[in-house]
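Printed here is query.tsv (TSV, C-alpha atoms):
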```
chain	number	residue	atom	x	y	z
A	1	MET	CA	114.73	29.75	94.21
A	2	ALA	CA	112.74	32.81	95.21
A	3	THR	CA	113.96	32.36	98.74
A	4	ALA	CA	117.52	32.19	97.60
A	5	LYS	CA	117.20	35.47	95.77
A	6	GLU	CA	115.72	37.08	98.84
A	7	LEU	CA	118.64	35.81	100.80
A	8	ALA	CA	121.21	37.09	98.40
A	9	PRO	CA	119.96	40.34	96.96
A	10	GLY	CA	123.32	41.94	96.31
A	11	ALA	CA	125.26	38.85	95.46
A	12	VAL	CA	124.18	38.07	91.95
A	13	ASN	CA	126.36	35.67	90.04
A	14	ASN	CA	129.01	35.93	92.68
A	15	THR	CA	130.12	33.39	95.18
A	16	VAL	CA	130.36	34.40	98.79
A	17	VAL	CA	131.61	32.32	101.65
A	18	GLY	CA	129.91	33.81	104.69
A	19	GLN	CA	131.53	34.68	107.93
A	20	SER	CA	130.54	31.57	109.86
A	21	ILE	CA	131.19	29.15	107.02
A	22	LEU	CA	134.10	26.76	106.92
A	23	ILE	CA	134.96	25.04	103.68
A	24	SER	CA	137.66	22.45	103.84
A	25	GLY	CA	138.74	20.62	100.78
A	26	LYS	CA	139.11	21.56	97.19
A	27	LEU	CA	137.35	24.54	95.68
A	28	THR	CA	137.43	25.34	91.99
A	29	GLY	CA	135.48	27.75	89.84
A	30	ASP	CA	135.25	30.24	87.01
A	31	GLU	CA	133.84	33.19	88.86
A	32	ASP	CA	134.76	35.71	91.49
A	33	LEU	CA	134.89	34.41	95.01
A	34	THR	CA	134.52	36.48	98.13
A	35	VAL	CA	135.66	34.88	101.34
A	36	ARG	CA	134.36	36.24	104.63
A	37	GLY	CA	134.64	32.92	106.42
A	38	ARG	CA	137.25	30.21	106.24
A	39	VAL	CA	138.50	28.18	103.33
A	40	GLU	CA	141.05	25.45	103.90
A	41	GLY	CA	142.70	23.15	101.44
A	42	GLU	CA	143.01	24.09	97.82
A	43	LEU	CA	141.48	26.99	95.94
A	44	THR	CA	141.54	27.32	92.18
A	45	LEU	CA	139.72	30.05	90.29
A	46	SER	CA	139.97	31.48	86.81
A	47	ARG	CA	138.79	34.84	88.16
A	48	THR	CA	139.33	36.95	91.23
A	49	LEU	CA	139.63	35.88	94.83
A	50	ILE	CA	138.69	38.49	97.40
A	51	VAL	CA	139.55	37.75	100.99
A	52	GLU	CA	137.68	40.21	103.13
A	53	PRO	CA	138.90	41.37	106.54
A	54	THR	CA	136.97	38.61	108.30
A	55	GLY	CA	138.11	35.99	105.83
A	56	VAL	CA	140.72	33.35	106.51
A	57	VAL	CA	142.21	31.26	103.74
A	58	LYS	CA	144.55	28.46	104.64
A	59	ALA	CA	145.11	27.03	101.24
A	60	ASN	CA	147.24	26.89	98.20
A	61	VAL	CA	145.62	29.39	95.94
A	62	ALA	CA	145.72	29.52	92.15
A	63	VAL	CA	143.76	32.41	90.70
A	64	LYS	CA	143.88	35.19	88.16
A	65	ASN	CA	143.71	38.02	90.67
A	66	ALA	CA	143.79	38.00	94.42
A	67	ILE	CA	142.89	40.84	96.74
A	68	VAL	CA	143.75	40.05	100.31
A	69	SER	CA	142.24	42.13	103.09
A	70	GLY	CA	142.02	39.25	105.51
A	71	VAL	CA	144.35	36.43	106.36
A	72	VAL	CA	145.98	34.06	103.92
A	73	VAL	CA	148.27	31.28	104.98
A	74	GLY	CA	149.59	29.44	101.99
A	75	ASN	CA	151.00	30.15	98.59
A	76	ILE	CA	149.25	32.32	96.05
A	77	ASN	CA	149.88	31.73	92.40
A	78	ALA	CA	148.21	34.41	90.32
A	79	THR	CA	148.29	34.78	86.55
A	80	GLU	CA	147.70	38.50	86.83
A	81	SER	CA	148.05	40.21	90.18
A	82	VAL	CA	148.10	39.85	93.92
A	83	GLU	CA	147.23	42.77	96.13
A	84	LEU	CA	147.71	42.90	99.87
A	85	THR	CA	145.61	45.73	101.20
A	86	ARG	CA	146.11	47.70	104.38
A	87	GLU	CA	144.32	45.07	106.45
A	88	GLY	CA	145.83	42.14	104.62
A	89	ARG	CA	147.98	39.62	106.43
A	90	MET	CA	149.71	36.84	104.66
A	91	VAL	CA	152.24	34.13	105.26
A	92	GLY	CA	153.36	32.26	102.19
A	93	ASP	CA	154.87	32.76	98.79
A	94	ILE	CA	153.43	34.94	96.07
A	95	HIS	CA	153.99	34.15	92.44
A	96	ALA	CA	152.47	36.75	90.14
A	97	PRO	CA	153.59	39.20	87.47
A	98	ARG	CA	152.11	42.05	89.47
A	99	VAL	CA	152.34	42.16	93.23
A	100	ILE	CA	150.99	45.10	95.17
A	101	ILE	CA	151.73	45.39	98.85
A	102	VAL	CA	150.13	48.40	100.44
A	103	ASP	CA	151.43	50.22	103.50
A	104	GLY	CA	150.00	48.53	106.58
A	105	ALA	CA	149.84	45.07	105.08
A	106	SER	CA	151.82	42.36	106.79
A	107	PHE	CA	153.49	39.68	104.78
A	108	ARG	CA	156.05	36.98	105.31
A	109	GLY	CA	157.21	34.91	102.40
A	110	ARG	CA	158.75	35.12	99.01
A	111	VAL	CA	157.67	37.18	96.06
A	112	ASP	CA	158.31	35.99	92.56
A	113	MET	CA	157.28	38.23	89.70
A	114	GLY	CA	158.74	35.92	87.13
A	115	GLU	CA	161.14	37.19	84.49
A	116	VAL	CA	162.19	40.71	85.36
A	117	GLU	CA	163.88	41.89	82.20
A	118	PRO	CA	165.05	45.50	82.43
A	119	GLY	CA	164.44	46.15	78.76
A	120	ARG	CA	161.04	44.57	78.71
A	121	MET	CA	159.47	45.96	81.85
A	122	PRO	CA	158.91	49.59	80.79
A	123	SER	CA	156.63	48.59	77.93
A	124	ASP	CA	154.76	46.22	80.21
A	125	ARG	CA	154.39	48.88	82.79
A	126	SER	CA	153.05	51.47	80.37
A	127	ALA	CA	150.52	48.90	79.23
A	128	LEU	CA	149.20	48.46	82.75
A	129	PRO	CA	145.60	49.57	83.08
A	130	ARG	CA	145.89	50.77	86.64
A	131	PRO	CA	148.20	53.55	87.73
A	132	THR	CA	148.52	52.07	91.19
A	133	GLY	CA	150.40	49.12	89.77
A	134	ALA	CA	152.97	51.42	88.18
A	135	THR	CA	153.52	53.46	91.31
A	136	VAL	CA	153.76	50.59	93.69
A	137	ARG	CA	155.84	48.40	91.52
A	138	PRO	CA	159.16	50.19	91.76
A	139	ALA	CA	158.96	49.88	95.51
A	140	VAL	CA	158.76	46.14	95.27
A	141	ARG	CA	161.33	45.86	92.53
A	142	PRO	CA	164.52	46.94	94.29
A	143	GLY	CA	165.04	43.28	95.02
A	144	ALA	CA	165.63	42.79	91.33
A	145	ALA	CA	167.55	46.04	90.93
A	146	PRO	CA	170.97	44.78	92.05
A	147	ALA	CA	171.18	42.72	88.89
A	148	ARG	CA	171.05	45.82	86.72
A	149	PRO	CA	173.96	47.84	88.10
A	150	ALA	CA	176.16	44.90	87.26
A	151	LEU	CA	175.44	45.28	83.58
A	152	PRO	CA	177.16	48.63	82.89
A	153	GLY	CA	180.14	47.58	84.95
A	154	ALA	CA	180.59	44.41	82.97
A	155	ARG	CA	179.93	45.91	79.55
A	156	PRO	CA	179.58	49.67	79.34
A	157	THR	CA	179.10	49.72	75.56
A	158	PRO	CA	175.85	49.27	73.50
A	159	PRO	CA	174.13	46.75	75.80
A	160	ALA	CA	174.03	49.41	78.50
A	161	ALA	CA	171.72	51.63	76.46
A	162	PRO	CA	168.43	49.81	77.19
A	163	ALA	CA	169.39	49.43	80.82
A	164	ALA	CA	170.17	53.12	81.03
A	165	GLN	CA	166.75	53.93	79.62
A	166	ALA	CA	165.07	51.68	82.11
A	167	ARG	CA	166.87	53.15	85.07
A	168	PRO	CA	165.86	56.81	84.81
A	169	ALA	CA	162.25	55.62	84.58
A	170	ALA	CA	162.57	53.59	87.74
A	171	ALA	CA	164.69	56.03	89.69
A	172	PRO	CA	162.27	58.97	89.91
A	173	ALA	CA	159.40	56.61	90.64
A	174	ARG	CA	160.77	55.62	94.05
A	175	PRO	CA	161.32	58.56	96.33
A	176	ALA	CA	162.77	56.96	99.40
A	177	PRO	CA	165.23	54.35	98.07
A	178	PRO	CA	167.51	56.61	95.96
A	179	PRO	CA	169.62	57.96	98.83
A	180	ALA	CA	170.47	54.55	100.16
A	181	PRO	CA	171.37	52.90	96.84
A	182	ALA	CA	173.47	55.92	95.88
A	183	ALA	CA	175.44	55.57	99.08
A	184	THR	CA	175.84	51.81	99.05
A	185	ARG	CA	176.45	51.11	95.39
A	186	PRO	CA	178.02	53.72	93.17
A	187	ALA	CA	177.10	51.88	90.00
A	188	PRO	CA	173.53	53.18	89.35
A	189	PRO	CA	174.48	56.82	88.72
A	190	ALA	CA	177.03	55.63	86.18
A	191	PRO	CA	174.68	55.08	83.23
A	192	PRO	CA	174.37	58.77	82.30
A	193	ALA	CA	178.10	58.86	81.89
A	194	ALA	CA	178.00	55.67	79.90
A	195	ARG	CA	175.31	57.14	77.68
A	196	THR	CA	177.02	60.45	77.05
A	197	ALA	CA	180.60	59.32	76.83
A	198	GLU	CA	179.84	55.91	75.35
A	199	PRO	CA	181.38	56.23	71.87
A	200	THR	CA	184.49	58.15	72.88
A	201	ARG	CA	185.75	56.26	75.90
A	202	PRO	CA	184.17	53.03	76.97
A	203	GLU	CA	186.92	51.99	79.33
A	204	PRO	CA	188.03	55.11	81.28
A	205	PRO	CA	184.98	55.01	83.59
A	206	ARG	CA	186.24	51.81	85.07
A	207	PRO	CA	189.58	52.86	86.63
A	208	PRO	CA	188.13	55.69	88.77
A	209	VAL	CA	185.59	53.32	90.35
A	210	ALA	CA	185.94	55.14	93.65
A	211	ALA	CA	184.18	58.25	92.34
A	212	PRO	CA	180.41	57.79	92.76
A	213	VAL	CA	178.80	60.47	90.59
A	214	PRO	CA	179.34	60.39	86.86
A	215	PRO	CA	179.73	64.12	86.06
A	216	THR	CA	182.11	64.54	88.93
A	217	VAL	CA	183.90	61.42	87.79
A	218	ALA	CA	184.84	63.15	84.59
A	219	GLU	CA	185.73	66.38	86.37
A	220	ALA	CA	187.69	64.61	89.02
A	221	ALA	CA	189.57	62.65	86.41
A	222	ARG	CA	190.48	65.80	84.51
A	223	LYS	CA	191.45	67.59	87.67
A	224	LYS	CA	193.64	64.70	88.71
A	225	VAL	CA	195.33	64.75	85.36
A	226	VAL	CA	195.85	68.49	85.59
A	227	VAL	CA	197.21	68.22	89.09
A	228	LYS	CA	199.58	65.52	88.01
A	229	LYS	CA	200.77	67.62	85.10
A	230	LYS	CA	201.25	70.56	87.40
A	231	GLY	CA	203.07	68.41	89.90
A	232	ARG	CA	205.39	67.14	87.23
B	1	MET	CA	123.38	38.92	107.96
B	2	ALA	CA	126.09	37.55	105.87
B	3	ASN	CA	125.01	34.75	103.69
B	4	THR	CA	126.91	32.31	101.64
B	5	VAL	CA	126.43	31.62	97.98
B	6	ILE	CA	128.26	28.97	96.04
B	7	GLY	CA	128.06	30.25	92.47
B	8	SER	CA	127.12	28.15	89.47
B	9	SER	CA	130.66	27.71	88.19
B	10	ILE	CA	132.09	26.74	91.56
B	11	VAL	CA	133.03	23.18	92.42
B	12	ILE	CA	133.80	22.29	95.99
B	13	ASP	CA	135.19	18.93	96.86
B	14	GLY	CA	135.33	18.65	100.60
B	15	GLU	CA	133.46	19.74	103.62
B	16	ILE	CA	131.33	22.79	104.30
B	17	SER	CA	130.23	23.69	107.77
B	18	GLY	CA	128.81	26.81	109.30
B	19	ASP	CA	126.13	28.62	111.24
B	20	GLU	CA	124.43	30.49	108.46
B	21	ASP	CA	122.28	30.00	105.41
B	22	LEU	CA	123.95	28.49	102.39
B	23	VAL	CA	122.81	28.80	98.80
B	24	ILE	CA	124.23	26.35	96.32
B	25	GLN	CA	124.11	27.13	92.63
B	26	GLY	CA	127.22	25.18	91.78
B	27	THR	CA	128.57	21.78	92.68
B	28	VAL	CA	129.45	20.48	96.11
B	29	LYS	CA	130.83	17.04	96.81
B	30	GLY	CA	131.62	15.73	100.23
B	31	LYS	CA	129.73	16.82	103.28
B	32	ILE	CA	127.61	19.77	104.32
B	33	SER	CA	126.74	20.52	107.90
B	34	LEU	CA	124.92	23.70	108.83
B	35	LYS	CA	122.91	25.00	111.72
B	36	GLU	CA	120.68	27.00	109.42
B	37	SER	CA	119.07	26.51	106.01
B	38	LEU	CA	120.47	25.03	102.88
B	39	PHE	CA	119.10	25.99	99.48
B	40	VAL	CA	120.05	23.93	96.49
B	41	GLU	CA	118.98	25.93	93.49
B	42	GLY	CA	118.03	24.66	90.06
B	43	SER	CA	121.59	24.74	88.82
B	44	GLY	CA	122.95	23.27	92.03
B	45	VAL	CA	124.40	19.80	92.21
B	46	VAL	CA	125.15	18.24	95.57
B	47	GLU	CA	126.80	14.90	96.01
B	48	ALA	CA	127.11	14.99	99.74
B	49	ASP	CA	125.64	14.01	103.02
B	50	ILE	CA	123.69	16.91	104.38
B	51	GLU	CA	123.06	17.82	107.98
B	52	THR	CA	121.11	21.01	108.55
B	53	GLN	CA	118.06	22.55	110.10
B	54	ASN	CA	116.18	23.19	106.85
B	55	VAL	CA	116.78	22.10	103.29
B	56	GLU	CA	115.10	23.34	100.16
B	57	ILE	CA	116.05	21.50	97.03
B	58	ALA	CA	115.31	22.60	93.50
B	59	GLY	CA	118.41	21.08	91.97
B	60	ARG	CA	120.05	17.70	92.20
B	61	VAL	CA	121.10	16.01	95.38
B	62	THR	CA	122.72	12.64	95.81
B	63	GLY	CA	123.32	11.70	99.40
B	64	ASN	CA	121.61	11.34	102.72
B	65	ILE	CA	119.81	14.29	104.19
B	66	ALA	CA	119.22	14.78	107.89
B	67	ALA	CA	117.38	17.91	108.89
B	68	SER	CA	116.37	18.95	112.37
B	69	ASP	CA	113.36	20.84	111.07
B	70	LYS	CA	112.27	20.48	107.46
B	71	VAL	CA	113.18	19.11	104.07
B	72	GLU	CA	111.43	20.46	101.02
B	73	LEU	CA	111.74	18.88	97.60
B	74	LYS	CA	110.60	21.34	94.98
B	75	THR	CA	109.31	20.85	91.48
B	76	ASP	CA	111.95	19.61	89.06
B	77	CYS	CA	114.38	18.57	91.76
B	78	ARG	CA	116.08	15.20	91.61
B	79	VAL	CA	117.03	13.60	94.87
B	80	VAL	CA	118.60	10.23	95.50
B	81	GLY	CA	119.23	9.27	99.10
B	82	ASP	CA	117.58	8.90	102.45
B	83	ILE	CA	115.81	11.76	104.11
B	84	LYS	CA	115.36	12.07	107.80
B	85	ALA	CA	113.46	15.03	109.20
B	86	PRO	CA	110.35	15.76	111.24
B	87	ARG	CA	108.78	17.59	108.30
B	88	ILE	CA	109.22	16.49	104.74
B	89	LEU	CA	107.48	18.14	101.79
B	90	ILE	CA	107.59	16.71	98.32
B	91	ALA	CA	106.12	18.91	95.62
B	92	ASP	CA	104.40	17.72	92.49
B	93	GLY	CA	107.00	17.15	89.80
B	94	ALA	CA	109.82	16.37	92.17
B	95	SER	CA	111.69	13.15	91.58
B	96	PHE	CA	112.95	11.27	94.57
B	97	LYS	CA	114.40	7.90	95.28
B	98	GLY	CA	115.21	6.81	98.82
B	99	ASN	CA	113.84	6.30	102.27
B	100	VAL	CA	111.87	8.82	104.20
B	101	ASP	CA	112.02	8.93	107.96
B	102	MET	CA	109.88	11.51	109.70
B	103	ASP	CA	110.77	10.24	113.10
B	104	ILE	CA	107.16	10.42	114.21
B	105	PRO	CA	107.56	8.60	117.55
B	106	LYS	CA	109.85	11.32	118.76
B	107	GLU	CA	107.27	13.99	118.12
B	108	ARG	CA	104.56	12.27	120.14
```
Spell out the structure here as C-alpha cells.
Amino acid sequence: MATAKELAPGAVNNTVVGQSILISGKLTGDEDLTVRGRVEGELTLSRTLIVEPTGVVKANVAVKNAIVSGVVVGNINATESVELTREGRMVGDIHAPRVIIVDGASFRGRVDMGEVEPGRMPSDRSALPRPTGATVRPAVRPGAAPARPALPGARPTPPAAPAAQARPAAAPARPAPPPAPAATRPAPPAPPAARTAEPTRPEPPRPPVAAPVPPTVAEAARKKVVVKKKGR
Amino acid sequence: MANTVIGSSIVIDGEISGDEDLVIQGTVKGKISLKESLFVEGSGVVEADIETQNVEIAGRVTGNIAASDKVELKTDCRVVGDIKAPRILIADGASFKGNVDMDIPKER
C-alpha cells in the first residue's frame, strides 16, 4: 500500500486511467474518473468524467458531469452537464440539461437538453452556479428558439406574456445571432408590440405581417391609414 | 509518469491492458495484462486473470496470476488461483489457495 501511495501522490481518492492503459468492457463507479488512456465499452459514473487531451473514450457514457478535452466516440448521457472544451472532439449524441460547447471544440451529433420550456428556463438559468453556463447557453439554444416565435403569432394575448419576458433575456445574451434572426423571421421583434398594445388591439398586428419591427409597424399602419384618408 | 488508479468505488467488468503501473483500489473482473507492475490494495478486489511483470497484492484476488518477474502476497491478502512467476513472496498473514510455479528449470 505504501508503494501505491508513492506511485499516486496527487491522485488521492480519484480514479485515473493512465495514458498507456486500455480498458475495454464495462466500467462503473461513484467517483470522479480521469481518462488519459483509452476506455471502450460502457462507462457509468455517478460523478464526473474527465477526458483529458490524451484520452480516448469509445463508449456509451452515463455520468453526472462530463468534461471532454480529448476524444469521445459514443453517446453521453449526463444528469447535469456536458462540456466540450477547446481541445475536445466528439462524435455522438449528447443528452444533458446543460451542454457547453466551447469555441475550438469539434462535435458531430445531436444535442438534447430535454424539455426547453420558455417560461421555465429563466429561473433555471438564474439558479445556475456557474456564469459560464448562462453565457454559453443562449448560443446553443437557437435550435429551440424557432418554437417560440410561433407562439405570439398563434395567440398574441395573455400566453405571450411569459414568452415575451423570456425573449428579452435571451436576446441580449447572444451578440452574433440577432441580426440573422431579425432578417429571416420577423416574428421575434413582435413581442414588445404585443406587450404594449396587448389589451387594446390583439388582432391588428397580424394583418401587417410584412412589417418587421413592432414600433414601425404601428407607425406604418397609421401612416398607411392617413395616406389612404388623404387619397380618398 | 502517468499512472493509473482504479478508485475504491469503481467496478470494471472487462479487460485492462497497458504499459504502465496500475493501482487497484476498486473492483476489476475480467482480465488484466500489463507490462509493468500491478498493485492490488487492501480495498481492491480482482476477479481476473493477471499477466504482468510484477504484482503486489494486499487485497483480494481470484484468478490465475502470471508474472514475468515477481509476485508478492502481503499480509491480510486473500488469493485464490495459480501463481506462476520466477519470484514469489508470501508474507506472514497472507492467505492463499492455489498452485505455485516458480519455473525454476528455466532459471538454471
Show me as a list in words the residues that reach within 9 Å of (146.5, 44.5, 109.0), counting only C-alpha atoms and using the file's own coordinates.
-> Pro53, Ser69, Gly70, Val71, Thr85, Arg86, Glu87, Gly88, Arg89, Gly104, Ala105 and Ser106 of chain A
Contact check, chain B to chain A, at most 6 Å, counting only C-alpha atoms, closest pairs as CSV:
```
residue,atom,partner,partner_atom,distance
B:Ala2,CA,A:Gly18,CA,5.5
B:Asn3,CA,A:Gly18,CA,5.1
B:Thr4,CA,A:Gly18,CA,4.5
B:Val5,CA,A:Val16,CA,4.9
B:Ile6,CA,A:Thr15,CA,4.9
B:Gly7,CA,A:Thr15,CA,4.6
B:Ser9,CA,A:Gly29,CA,5.1
B:Ile10,CA,A:Gly29,CA,3.9
B:Val11,CA,A:Thr28,CA,4.9
B:Ile12,CA,A:Leu27,CA,4.2
B:Asp13,CA,A:Lys26,CA,4.7
B:Gly14,CA,A:Gly25,CA,3.9
B:Glu15,CA,A:Ser24,CA,5.0
B:Ile16,CA,A:Ile23,CA,4.3
B:Ser17,CA,A:Leu22,CA,5.0
B:Gly18,CA,A:Ile21,CA,4.0
B:Asp19,CA,A:Ser20,CA,5.5
B:Glu41,CA,A:Met1,CA,5.8
```
Could you tell me which of B:Ile88, B:Val28, B:Leu22, B:Ala94 comes closest to Thr75 of chain B if we count only C-alpha atoms?
-> B:Ala94
When distances are computed from all atoms listed in the file, which of A:His95, A:Thr48, A:Ile101, A:Glu83 shows the smallest separation from Asn65 of chain A?
->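 The answer is A:Thr48, which sits nearest to Asn65 of chain A.
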For the point (116.7, 28.7, 107.6) in file coordinates, what residues are within 7 Å, counting all atoms listed in the file? Give the answer as number ranges by chain?
-> B: 21, 36-37, 53-54
Tell me which protein, DNA and RNA residues are within 12 Å of Asp112 of chain A, counting all atoms listed in the file, leaving out same-chain ones fewer than 2 positions away, and put them as a count of residues only.
-> 25
Just give me the gap between atom CA of Lys74 of chain B and atom CA of Val100 of chain B in Å, one decimal is fine.
-> 15.6 Å
Any idea what the distance is between atom CA of Cys77 of chain B and atom CA of Phe39 of chain B?
->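 Those two atoms sit 11.7 Å apart.
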